[in-house]
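Here is the structure we will look at, set down as C-alpha coordinates.
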Amino acid sequence: SALWALQQAVTTLRESENRWSLNLMLRSLIHIVGDLHQPLHDAEGFFNDKRFGDLPHGDHGGNLVRISDPKFKILPNLHILWDAAAGLYLTEWPLSEEQADLLRRNASDLVNMYGRPVMSTHVGESCVTQGVDCLKLFADWAEESHQIAITTAYGPGVSAGGEPTEEYTARVREVCQRQITVAGLRLAGLLS
(Lines give C-alpha, C1' and ligand atoms only; values in the text may rest on other atoms or scores of the structure.)
Protein backbone atom coordinates (compact mmCIF):
# COMPACT_ATOMS: atom_id res chain seq x y z
CA SER A 1 0.00 0.00 0.00
CA ALA A 2 1.01 3.64 -0.30
CA LEU A 3 1.17 3.99 3.48
CA TRP A 4 3.61 1.08 3.75
CA ALA A 5 5.74 2.48 0.89
CA LEU A 6 5.87 5.90 2.58
CA GLN A 7 6.89 4.31 5.88
CA GLN A 8 9.65 2.36 4.09
CA ALA A 9 10.87 5.52 2.37
CA VAL A 10 11.02 7.37 5.70
CA THR A 11 12.88 4.49 7.36
CA THR A 12 15.44 4.43 4.54
CA LEU A 13 15.90 8.22 4.65
CA ARG A 14 16.34 8.03 8.40
CA GLU A 15 18.72 5.08 8.57
CA SER A 16 20.53 4.47 5.28
CA GLU A 17 23.84 5.93 4.16
CA ASN A 18 23.66 4.38 0.70
CA ARG A 19 23.30 7.19 -1.85
CA TRP A 20 21.42 5.04 -4.36
CA SER A 21 18.88 3.96 -1.73
CA LEU A 22 18.48 7.52 -0.47
CA ASN A 23 17.94 8.82 -4.01
CA LEU A 24 15.35 6.15 -4.83
CA MET A 25 13.44 6.60 -1.57
CA LEU A 26 13.46 10.39 -1.84
CA ARG A 27 11.97 10.11 -5.33
CA SER A 28 9.41 7.61 -4.05
CA LEU A 29 8.50 9.83 -1.10
CA ILE A 30 7.98 12.87 -3.34
CA HIS A 31 5.82 10.90 -5.80
CA ILE A 32 3.69 9.07 -3.25
CA VAL A 33 3.09 12.11 -1.02
CA GLY A 34 1.82 13.90 -4.13
CA ASP A 35 -0.36 10.95 -5.16
CA LEU A 36 -1.77 10.60 -1.65
CA HIS A 37 -3.22 14.12 -1.98
CA GLN A 38 -5.03 13.45 -5.28
CA PRO A 39 -8.46 12.37 -3.99
CA LEU A 40 -9.11 9.71 -6.61
CA HIS A 41 -5.87 7.96 -5.66
CA ASP A 42 -7.51 7.31 -2.27
CA ALA A 43 -10.95 6.14 -3.42
CA GLU A 44 -12.74 3.39 -5.27
CA GLY A 45 -16.32 4.08 -6.30
CA PHE A 46 -18.79 1.19 -6.51
CA PHE A 47 -21.93 2.16 -8.37
CA ASN A 48 -25.19 0.86 -9.74
CA ASP A 49 -27.07 4.05 -10.49
CA LYS A 50 -28.00 6.49 -13.24
CA ARG A 51 -25.14 8.92 -12.55
CA PHE A 52 -22.17 6.57 -12.76
CA GLY A 53 -23.62 3.39 -14.24
CA ASP A 54 -23.05 -0.20 -13.22
CA LEU A 55 -19.62 -0.57 -11.61
CA PRO A 56 -20.06 -3.33 -9.02
CA HIS A 57 -16.32 -4.11 -9.04
CA GLY A 58 -15.26 -0.49 -8.61
CA ASP A 59 -14.24 2.36 -10.86
CA HIS A 60 -10.46 2.11 -10.30
CA GLY A 61 -10.26 5.57 -8.77
CA GLY A 62 -12.43 7.21 -11.43
CA ASN A 63 -10.61 5.61 -14.38
CA LEU A 64 -13.76 3.75 -15.48
CA VAL A 65 -16.01 6.82 -15.23
CA ARG A 66 -15.86 8.13 -18.80
CA ILE A 67 -16.71 11.82 -19.22
CA SER A 68 -17.28 14.14 -22.14
CA ASP A 69 -14.47 16.65 -22.64
CA PRO A 70 -15.35 19.00 -25.50
CA LYS A 71 -12.96 21.75 -24.30
CA PHE A 72 -9.61 19.92 -24.02
CA LYS A 73 -10.43 16.63 -25.78
CA ILE A 74 -7.74 14.87 -23.72
CA LEU A 75 -9.49 14.30 -20.38
CA PRO A 76 -11.49 11.13 -21.10
CA ASN A 77 -12.27 10.03 -17.55
CA LEU A 78 -12.80 11.33 -14.04
CA HIS A 79 -9.35 10.29 -12.82
CA ILE A 80 -7.50 12.14 -15.57
CA LEU A 81 -9.71 15.20 -15.05
CA TRP A 82 -8.50 15.30 -11.43
CA ASP A 83 -4.88 14.50 -12.34
CA ALA A 84 -4.90 17.52 -14.68
CA ALA A 85 -6.74 19.79 -12.19
CA ALA A 86 -9.56 20.11 -14.74
CA GLY A 87 -7.18 21.38 -17.42
CA LEU A 88 -5.02 23.71 -15.32
CA TYR A 89 -1.91 21.55 -15.59
CA LEU A 90 -1.53 20.11 -19.08
CA THR A 91 2.00 21.21 -19.97
CA GLU A 92 4.25 18.44 -21.26
CA TRP A 93 7.75 17.97 -19.84
CA PRO A 94 10.51 19.01 -20.23
CA LEU A 95 9.50 22.59 -19.58
CA SER A 96 10.84 25.57 -21.45
CA GLU A 97 12.41 28.30 -19.34
CA GLU A 98 9.22 30.38 -19.74
CA GLN A 99 7.02 27.45 -18.66
CA ALA A 100 9.28 26.78 -15.67
CA ASP A 101 9.02 30.43 -14.65
CA LEU A 102 5.21 30.28 -14.91
CA LEU A 103 5.19 27.14 -12.78
CA ARG A 104 7.36 28.78 -10.10
CA ARG A 105 5.05 31.80 -10.02
CA ASN A 106 2.03 29.49 -9.80
CA ALA A 107 3.62 27.67 -6.85
CA SER A 108 4.24 30.98 -5.07
CA ASP A 109 0.68 32.11 -5.75
CA LEU A 110 -0.71 28.85 -4.37
CA VAL A 111 1.33 29.11 -1.17
CA ASN A 112 0.11 32.68 -0.75
CA MET A 113 -3.52 31.59 -1.30
CA TYR A 114 -3.59 28.37 0.72
CA GLY A 115 -0.44 28.31 2.85
CA ARG A 116 -1.67 29.79 6.13
CA PRO A 117 -4.71 27.52 6.59
CA VAL A 118 -2.63 24.51 5.59
CA MET A 119 0.08 25.18 8.15
CA SER A 120 -2.25 23.98 10.91
CA THR A 121 -3.05 20.63 9.26
CA HIS A 122 -0.29 18.17 10.08
CA VAL A 123 2.48 20.02 8.24
CA GLY A 124 5.16 20.76 10.81
CA GLU A 125 5.62 17.21 11.99
CA SER A 126 8.89 15.82 10.72
CA CYS A 127 8.75 12.11 11.37
CA VAL A 128 11.83 11.64 9.18
CA THR A 129 14.28 13.49 11.40
CA GLN A 130 12.61 13.10 14.79
CA GLY A 131 12.24 9.31 14.77
CA VAL A 132 8.45 9.43 15.21
CA ASP A 133 6.26 6.75 13.60
CA CYS A 134 4.80 8.36 10.49
CA LEU A 135 2.13 5.76 9.75
CA LYS A 136 -0.70 7.55 11.60
CA LEU A 137 0.23 10.84 9.97
CA PHE A 138 0.13 9.25 6.50
CA ALA A 139 -3.15 7.48 7.30
CA ASP A 140 -4.68 10.82 8.34
CA TRP A 141 -3.59 12.36 5.03
CA ALA A 142 -5.09 9.45 3.07
CA GLU A 143 -8.37 9.67 4.99
CA GLU A 144 -8.56 13.40 4.34
CA SER A 145 -8.15 12.82 0.58
CA HIS A 146 -10.65 9.96 0.68
CA GLN A 147 -13.26 12.27 2.22
CA ILE A 148 -12.61 14.83 -0.53
CA ALA A 149 -13.23 12.09 -3.10
CA ILE A 150 -16.56 11.21 -1.48
CA THR A 151 -17.81 14.77 -1.09
CA THR A 152 -16.32 16.44 -4.16
CA ALA A 153 -14.88 14.08 -6.79
CA TYR A 154 -18.03 11.94 -6.77
CA GLY A 155 -20.19 14.90 -5.81
CA PRO A 156 -22.81 16.81 -7.78
CA GLY A 157 -22.04 18.11 -11.25
CA VAL A 158 -20.49 15.06 -12.86
CA SER A 159 -21.87 11.84 -14.32
CA ALA A 160 -20.66 9.04 -16.56
CA GLY A 161 -20.78 10.06 -20.21
CA GLY A 162 -21.67 13.65 -19.40
CA GLU A 163 -19.74 16.88 -19.49
CA PRO A 164 -18.85 18.12 -15.98
CA THR A 165 -20.70 21.31 -15.08
CA GLU A 166 -18.85 24.60 -14.84
CA GLU A 167 -19.41 24.57 -11.08
CA TYR A 168 -17.93 21.09 -10.78
CA THR A 169 -14.93 22.05 -12.92
CA ALA A 170 -14.32 25.14 -10.77
CA ARG A 171 -14.47 22.97 -7.60
CA VAL A 172 -12.01 20.47 -9.11
CA ARG A 173 -9.57 23.26 -9.90
CA GLU A 174 -9.86 24.83 -6.46
CA VAL A 175 -9.53 21.53 -4.60
CA CYS A 176 -6.62 20.38 -6.76
CA GLN A 177 -4.73 23.62 -6.24
CA ARG A 178 -5.29 23.39 -2.50
CA GLN A 179 -4.25 19.73 -2.42
CA ILE A 180 -1.10 20.48 -4.44
CA THR A 181 -0.23 23.17 -1.90
CA VAL A 182 -0.99 20.90 1.05
CA ALA A 183 1.14 18.09 -0.42
CA GLY A 184 4.06 20.42 -1.08
CA LEU A 185 4.00 21.97 2.37
CA ARG A 186 3.62 18.59 4.06
CA LEU A 187 6.50 17.19 2.01
CA ALA A 188 8.63 20.17 3.05
CA GLY A 189 7.67 19.49 6.67
CA LEU A 190 8.70 15.85 6.32
CA LEU A 191 12.06 16.76 4.92
CA SER A 192 12.87 19.66 7.22
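Just so we're on the same page: first chain in the C-alpha coordinates is A, next is B, and so on; residues restart at 1 for each chain, and ligands are numbered from 1 in the order they show up.
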Cut-off 8 Å: closest range 151-183 of chain A/range 22-38 of chain A atom pairs per residue, using only C-alpha atoms, as a tab-separated table:
```
residue	atom	partner	partner_atom	distance
A:Cys176	CA	A:Gln38	CA	7.3
A:Gln179	CA	A:His37	CA	5.7
A:Ile180	CA	A:His37	CA	7.1
A:Val182	CA	A:His37	CA	7.8
A:Ala183	CA	A:Gly34	CA	5.6
```
What's around Leu135 in chain A at 8 Å? Count only C-alpha atoms, leave out sequence neighbours fewer than 4 positions away in its own chain, and write the answer as a PyMOL selection string. chain A and resi 3-4+7+139
Which residue is closest to Asp69 in chain A? Choose from A:Phe46, A:Gly87, A:Leu13, A:Arg19 and count only C-alpha atoms. A:Gly87
Non-local contacts of Gln177 in chain A (9 Å; only C-alpha atoms; under 5 positions in same chain excluded) as a count of residues only: 5
